[in-house]
>>> print(open('coords-v7.pdb').read())   # PDB, C-alpha atoms, pLDDT in the B column
ATOM      1  CA  MET C   1     -28.419  -8.358 -11.679  1.00 71.00           C
ATOM      2  CA  GLU C   2     -26.219  -7.218 -14.516  1.00 80.00           C
ATOM      3  CA  ILE C   3     -23.595  -9.567 -15.909  1.00 88.00           C
ATOM      4  CA  TYR C   4     -20.947  -8.343 -18.328  1.00 92.00           C
ATOM      5  CA  ASN C   5     -17.269  -8.542 -19.160  1.00 94.00           C
ATOM      6  CA  THR C   6     -15.080  -5.474 -19.622  1.00 96.00           C
ATOM      7  CA  ARG C   7     -11.887  -4.670 -21.473  1.00 97.00           C
ATOM      8  CA  LYS C   8      -9.613  -1.699 -20.774  1.00 98.00           C
ATOM      9  CA  ILE C   9      -9.073   0.556 -23.808  1.00 97.00           C
ATOM     10  CA  HIS C  10      -7.650   4.012 -24.516  1.00 96.00           C
ATOM     11  CA  ILE C  11     -10.163   6.847 -24.744  1.00 95.00           C
ATOM     12  CA  SER C  12      -9.154   7.546 -28.361  1.00 93.00           C
ATOM     13  CA  LEU C  13     -10.515   4.129 -29.419  1.00 96.00           C
ATOM     14  CA  LEU C  14     -14.093   4.894 -28.337  1.00 95.00           C
ATOM     15  CA  GLN C  15     -16.758   5.093 -31.015  1.00 96.00           C
ATOM     16  CA  THR C  16     -20.433   5.959 -30.981  1.00 97.00           C
ATOM     17  CA  ASN C  17     -22.770   3.162 -29.841  1.00 97.00           C
ATOM     18  CA  ASP C  18     -20.059   1.598 -27.642  1.00 97.00           C
ATOM     19  CA  LEU C  19     -21.112   0.503 -24.168  1.00 97.00           C
ATOM     20  CA  ILE C  20     -18.805   1.658 -21.372  1.00 97.00           C
ATOM     21  CA  GLU C  21     -18.839   1.493 -17.600  1.00 96.00           C
ATOM     22  CA  HIS C  22     -18.737   5.080 -16.325  1.00 95.00           C
ATOM     23  CA  ASN C  23     -18.914   5.724 -12.555  1.00 93.00           C
ATOM     24  CA  GLY C  24     -20.237   2.202 -11.967  1.00 92.00           C
ATOM     25  CA  VAL C  25     -23.067   2.543 -14.506  1.00 94.00           C
ATOM     26  CA  VAL C  26     -23.182   0.989 -17.986  1.00 94.00           C
ATOM     27  CA  LYS C  27     -23.858   3.717 -20.568  1.00 96.00           C
ATOM     28  CA  THR C  28     -24.106   3.900 -24.351  1.00 97.00           C
ATOM     29  CA  VAL C  29     -21.777   6.465 -25.924  1.00 98.00           C
ATOM     30  CA  CYS C  30     -23.546   8.813 -28.355  1.00 97.00           C
ATOM     31  CA  LYS C  31     -21.944  11.303 -30.721  1.00 96.00           C
ATOM     32  CA  LYS C  32     -22.857  14.200 -28.405  1.00 96.00           C
ATOM     33  CA  ASP C  33     -21.132  12.490 -25.447  1.00 96.00           C
ATOM     34  CA  ILE C  34     -17.678  12.581 -27.103  1.00 96.00           C
ATOM     35  CA  THR C  35     -16.174  16.074 -27.008  1.00 95.00           C
ATOM     36  CA  TYR C  36     -12.817  17.529 -27.984  1.00 92.00           C
ATOM     37  CA  ASN C  37     -11.165  20.342 -26.062  1.00 84.00           C
ATOM     38  CA  GLY C  38      -7.675  21.711 -25.491  1.00 83.00           C
ATOM     39  CA  CYS C  39      -6.758  18.720 -23.321  1.00 78.00           C
ATOM     40  CA  GLY C  40      -7.943  16.153 -25.865  1.00 89.00           C
ATOM     41  CA  ARG C  41     -10.963  13.891 -25.984  1.00 93.00           C
ATOM     42  CA  SER C  42     -13.486  13.531 -23.183  1.00 94.00           C
ATOM     43  CA  VAL C  43     -16.518  11.290 -22.678  1.00 95.00           C
ATOM     44  CA  PHE C  44     -19.431  12.372 -20.477  1.00 94.00           C
ATOM     45  CA  GLY C  45     -17.231  15.314 -19.402  1.00 91.00           C
ATOM     46  CA  ASP C  46     -14.467  13.022 -18.113  1.00 91.00           C
ATOM     47  CA  SER C  47     -11.047  13.125 -19.814  1.00 91.00           C
ATOM     48  CA  TYR C  48      -9.919   9.906 -18.092  1.00 90.00           C
ATOM     49  CA  HIS C  49      -6.777  11.685 -16.859  1.00 90.00           C
ATOM     50  CA  SER C  50      -5.914  12.837 -20.406  1.00 86.00           C
ATOM     51  CA  GLY C  51      -5.745   9.246 -21.627  1.00 86.00           C
ATOM     52  CA  TYR C  52      -3.697   7.784 -18.771  1.00 93.00           C
ATOM     53  CA  LYS C  53      -6.726   6.123 -17.134  1.00 95.00           C
ATOM     54  CA  PRO C  54      -8.249   3.342 -19.276  1.00 96.00           C
ATOM     55  CA  VAL C  55     -11.911   3.305 -20.270  1.00 97.00           C
ATOM     56  CA  LEU C  56     -13.845   0.120 -19.425  1.00 97.00           C
ATOM     57  CA  LEU C  57     -15.479  -1.101 -22.648  1.00 97.00           C
ATOM     58  CA  VAL C  58     -18.399  -3.443 -21.906  1.00 97.00           C
ATOM     59  CA  LEU C  59     -18.528  -6.765 -23.754  1.00 95.00           C
ATOM     60  CA  ASP C  60     -21.379  -9.313 -23.735  1.00 88.00           C
ATOM     61  CA  TYR C  61     -23.840  -7.203 -21.718  1.00 85.00           C
ATOM     62  CA  LYS C  62     -26.788  -9.080 -20.188  1.00 83.00           C
ATOM     63  CA  SER C  63     -29.240  -7.402 -17.836  1.00 73.00           C
TER      64      SER C  63
END
>>> encode(input="coords-v7.pdb", output="structure tokens")
Amino acid sequence: MEIYNTRKIHISLLQTNDLIEHNGVVKTVCKKDITYNGCGRSVFGDSYHSGYKPVLLVLDYKS
């Protein structure tokens, strides 16, 4: 059972080595996972509605 707290942040505040909840799974963000295209920044191929949908940053992760 995984126990963690999350905080909603804007996609532009993500950095490498951050833990986020993406599609119900906790993942570590690597440099290759953050891409820039004509619509802005995306993580794991998801633009989070061009920044209107918050990213769930994981705090205090315990597995």
>>> atom_distance(input="coords-v7.pdb", atom1="atom CA of C:Gln15", atom2="atom CA of C:Arg41")
11.7 Å
>>> closest_residue(input="coords-v7.pdb", among="C:Gly51, C:Ile11, C:Leu57, C:Asp46", to="C:Thr28", atoms="only C-alpha atoms")
C:Leu57
>>> residues_around(input="coords-v7.pdb", residues="C:Cys39", least_positions_apart="3", cutoff="8 Å", atoms="all atoms listed in the file", output="list in words")
Tyr36, Ser47 and Ser50 of chain C
>>> write_last_selection(input="coords-v7.pdb", atoms="C-alpha atoms", output="PDB file, in the coordinates of the input")
ATOM      1  CA  TYR C  36     -12.817  17.529 -27.984  1.00 92.00           C
ATOM      2  CA  SER C  47     -11.047  13.125 -19.814  1.00 91.00           C
ATOM      3  CA  SER C  50      -5.914  12.837 -20.406  1.00 86.00           C
TER       4      SER C  50
END
>>> resolve_selection(input="coords-v7.pdb", expression="the PyMOL selection byres ((chain C and resi 18-25) around 9)", output="PyMOL selection string")
chain C and resi 6+14-17+26-30+44+55-59+61
>>> atom_distance(input="coords-v7.pdb", atom1="atom CA of C:Lys62", atom2="atom CA of C:Tyr4")
6.2 Å
>>> atom_distance(input="coords-v7.pdb", atom1="atom CA of C:Asn37", atom2="atom CA of C:Ser12")
13.2 Å
>>> axis_aligned_box(input="coords-v7.pdb", around="stretch 2-21 of chain C", padding_each_side="4 Å", output="AutoDock Vina command-line options")
--center_x -16.9 --center_y -1.0 --center_z -22.8 --size_x 26.6 --size_y 25.1 --size_z 24.5
>>> residues_near_point(input="coords-v7.pdb", point="(-19.3, 15.6, -20.4)", cutoff="10 Å", atoms="all atoms listed in the file", output="list in words")
Lys32, Asp33, Ile34, Thr35, Ser42, Val43, Phe44, Gly45, Asp46 and Ser47 of chain C
>>> write_last_selection(input="coords-v7.pdb", atoms="C-alpha atoms", output="short mmCIF file (atom, residue, chain, number, x, y, z; two decimals), in the frame of the given file")
data_model
loop_
_atom_site.label_atom_id
_atom_site.label_comp_id
_atom_site.auth_asym_id
_atom_site.auth_seq_id
_atom_site.Cartn_x
_atom_site.Cartn_y
_atom_site.Cartn_z
CA LYS C 32 -22.86 14.20 -28.40
CA ASP C 33 -21.13 12.49 -25.45
CA ILE C 34 -17.68 12.58 -27.10
CA THR C 35 -16.17 16.07 -27.01
CA SER C 42 -13.49 13.53 -23.18
CA VAL C 43 -16.52 11.29 -22.68
CA PHE C 44 -19.43 12.37 -20.48
CA GLY C 45 -17.23 15.31 -19.40
CA ASP C 46 -14.47 13.02 -18.11
CA SER C 47 -11.05 13.12 -19.81
#
>>> build_atoms(input="coords-v7.pdb", residues="stretch 11-39 of chain C", atoms="N, CA and C atoms", output="PDB file, in the frame of the given file")
ATOM      1  N   ILE C  11      -9.012   6.003 -24.434  1.00 95.00           N
ATOM      2  CA  ILE C  11     -10.163   6.847 -24.744  1.00 95.00           C
ATOM      3  C   ILE C  11     -10.251   7.181 -26.237  1.00 95.00           C
ATOM      4  N   SER C  12      -9.142   7.215 -26.933  1.00 93.00           N
ATOM      5  CA  SER C  12      -9.154   7.546 -28.361  1.00 93.00           C
ATOM      6  C   SER C  12      -9.773   6.443 -29.214  1.00 93.00           C
ATOM      7  N   LEU C  13      -9.936   5.244 -28.671  1.00 96.00           N
ATOM      8  CA  LEU C  13     -10.515   4.129 -29.419  1.00 96.00           C
ATOM      9  C   LEU C  13     -12.034   4.047 -29.298  1.00 96.00           C
ATOM     10  N   LEU C  14     -12.641   4.911 -28.499  1.00 95.00           N
ATOM     11  CA  LEU C  14     -14.093   4.894 -28.337  1.00 95.00           C
ATOM     12  C   LEU C  14     -14.794   5.355 -29.603  1.00 95.00           C
ATOM     13  N   GLN C  15     -15.920   4.726 -29.880  1.00 96.00           N
ATOM     14  CA  GLN C  15     -16.758   5.093 -31.015  1.00 96.00           C
ATOM     15  C   GLN C  15     -18.189   5.251 -30.526  1.00 96.00           C
ATOM     16  N   THR C  16     -19.035   5.850 -31.352  1.00 97.00           N
ATOM     17  CA  THR C  16     -20.433   5.959 -30.981  1.00 97.00           C
ATOM     18  C   THR C  16     -21.053   4.566 -30.917  1.00 97.00           C
ATOM     19  N   ASN C  17     -22.052   4.420 -30.098  1.00 97.00           N
ATOM     20  CA  ASN C  17     -22.770   3.162 -29.841  1.00 97.00           C
ATOM     21  C   ASN C  17     -21.968   2.139 -29.051  1.00 97.00           C
ATOM     22  N   ASP C  18     -20.794   2.488 -28.539  1.00 97.00           N
ATOM     23  CA  ASP C  18     -20.059   1.598 -27.642  1.00 97.00           C
ATOM     24  C   ASP C  18     -20.706   1.648 -26.262  1.00 97.00           C
ATOM     25  N   LEU C  19     -20.668   0.552 -25.563  1.00 97.00           N
ATOM     26  CA  LEU C  19     -21.112   0.503 -24.168  1.00 97.00           C
ATOM     27  C   LEU C  19     -19.885   0.601 -23.283  1.00 97.00           C
ATOM     28  N   ILE C  20     -19.913   1.533 -22.310  1.00 97.00           N
ATOM     29  CA  ILE C  20     -18.805   1.658 -21.372  1.00 97.00           C
ATOM     30  C   ILE C  20     -19.352   1.678 -19.953  1.00 97.00           C
ATOM     31  N   GLU C  21     -18.492   1.344 -19.009  1.00 96.00           N
ATOM     32  CA  GLU C  21     -18.839   1.493 -17.600  1.00 96.00           C
ATOM     33  C   GLU C  21     -18.267   2.819 -17.136  1.00 96.00           C
ATOM     34  N   HIS C  22     -19.143   3.742 -16.757  1.00 95.00           N
ATOM     35  CA  HIS C  22     -18.737   5.080 -16.325  1.00 95.00           C
ATOM     36  C   HIS C  22     -19.339   5.335 -14.947  1.00 95.00           C
ATOM     37  N   ASN C  23     -18.489   5.515 -13.949  1.00 93.00           N
ATOM     38  CA  ASN C  23     -18.914   5.724 -12.555  1.00 93.00           C
ATOM     39  C   ASN C  23     -19.809   4.594 -12.056  1.00 93.00           C
ATOM     40  N   GLY C  24     -19.495   3.363 -12.439  1.00 92.00           N
ATOM     41  CA  GLY C  24     -20.237   2.202 -11.967  1.00 92.00           C
ATOM     42  C   GLY C  24     -21.527   1.915 -12.704  1.00 92.00           C
ATOM     43  N   VAL C  25     -21.834   2.704 -13.742  1.00 94.00           N
ATOM     44  CA  VAL C  25     -23.067   2.543 -14.506  1.00 94.00           C
ATOM     45  C   VAL C  25     -22.713   2.257 -15.961  1.00 94.00           C
ATOM     46  N   VAL C  26     -23.407   1.293 -16.577  1.00 94.00           N
ATOM     47  CA  VAL C  26     -23.182   0.989 -17.986  1.00 94.00           C
ATOM     48  C   VAL C  26     -23.953   2.003 -18.823  1.00 94.00           C
ATOM     49  N   LYS C  27     -23.245   2.686 -19.733  1.00 96.00           N
ATOM     50  CA  LYS C  27     -23.858   3.717 -20.568  1.00 96.00           C
ATOM     51  C   LYS C  27     -23.478   3.508 -22.024  1.00 96.00           C
ATOM     52  N   THR C  28     -24.379   3.912 -22.924  1.00 97.00           N
ATOM     53  CA  THR C  28     -24.106   3.900 -24.351  1.00 97.00           C
ATOM     54  C   THR C  28     -23.508   5.248 -24.731  1.00 97.00           C
ATOM     55  N   VAL C  29     -22.443   5.241 -25.503  1.00 98.00           N
ATOM     56  CA  VAL C  29     -21.777   6.465 -25.924  1.00 98.00           C
ATOM     57  C   VAL C  29     -22.426   6.960 -27.211  1.00 98.00           C
ATOM     58  N   CYS C  30     -22.966   8.171 -27.178  1.00 97.00           N
ATOM     59  CA  CYS C  30     -23.546   8.813 -28.355  1.00 97.00           C
ATOM     60  C   CYS C  30     -22.555   9.838 -28.901  1.00 97.00           C
ATOM     61  N   LYS C  31     -22.831  10.325 -30.092  1.00 96.00           N
ATOM     62  CA  LYS C  31     -21.944  11.303 -30.721  1.00 96.00           C
ATOM     63  C   LYS C  31     -21.804  12.561 -29.859  1.00 96.00           C
ATOM     64  N   LYS C  32     -22.895  12.984 -29.231  1.00 96.00           N
ATOM     65  CA  LYS C  32     -22.857  14.200 -28.405  1.00 96.00           C
ATOM     66  C   LYS C  32     -22.075  14.020 -27.103  1.00 96.00           C
ATOM     67  N   ASP C  33     -21.856  12.769 -26.692  1.00 96.00           N
ATOM     68  CA  ASP C  33     -21.132  12.490 -25.447  1.00 96.00           C
ATOM     69  C   ASP C  33     -19.623  12.594 -25.604  1.00 96.00           C
ATOM     70  N   ILE C  34     -19.116  12.489 -26.839  1.00 96.00           N
ATOM     71  CA  ILE C  34     -17.678  12.581 -27.103  1.00 96.00           C
ATOM     72  C   ILE C  34     -17.366  14.016 -27.502  1.00 96.00           C
ATOM     73  N   THR C  35     -16.538  14.692 -26.711  1.00 95.00           N
ATOM     74  CA  THR C  35     -16.174  16.074 -27.008  1.00 95.00           C
ATOM     75  C   THR C  35     -14.658  16.205 -27.106  1.00 95.00           C
ATOM     76  N   TYR C  36     -14.237  17.231 -27.813  1.00 92.00           N
ATOM     77  CA  TYR C  36     -12.817  17.529 -27.984  1.00 92.00           C
ATOM     78  C   TYR C  36     -12.561  18.918 -27.425  1.00 92.00           C
ATOM     79  N   ASN C  37     -11.536  19.037 -26.598  1.00 84.00           N
ATOM     80  CA  ASN C  37     -11.165  20.342 -26.062  1.00 84.00           C
ATOM     81  C   ASN C  37      -9.650  20.476 -26.105  1.00 84.00           C
ATOM     82  N   GLY C  38      -9.109  21.480 -25.472  1.00 83.00           N
ATOM     83  CA  GLY C  38      -7.675  21.711 -25.491  1.00 83.00           C
ATOM     84  C   GLY C  38      -6.855  20.598 -24.868  1.00 83.00           C
ATOM     85  N   CYS C  39      -7.459  19.833 -23.979  1.00 78.00           N
ATOM     86  CA  CYS C  39      -6.758  18.720 -23.321  1.00 78.00           C
ATOM     87  C   CYS C  39      -6.922  17.410 -24.064  1.00 78.00           C
TER      88      CYS C  39
END
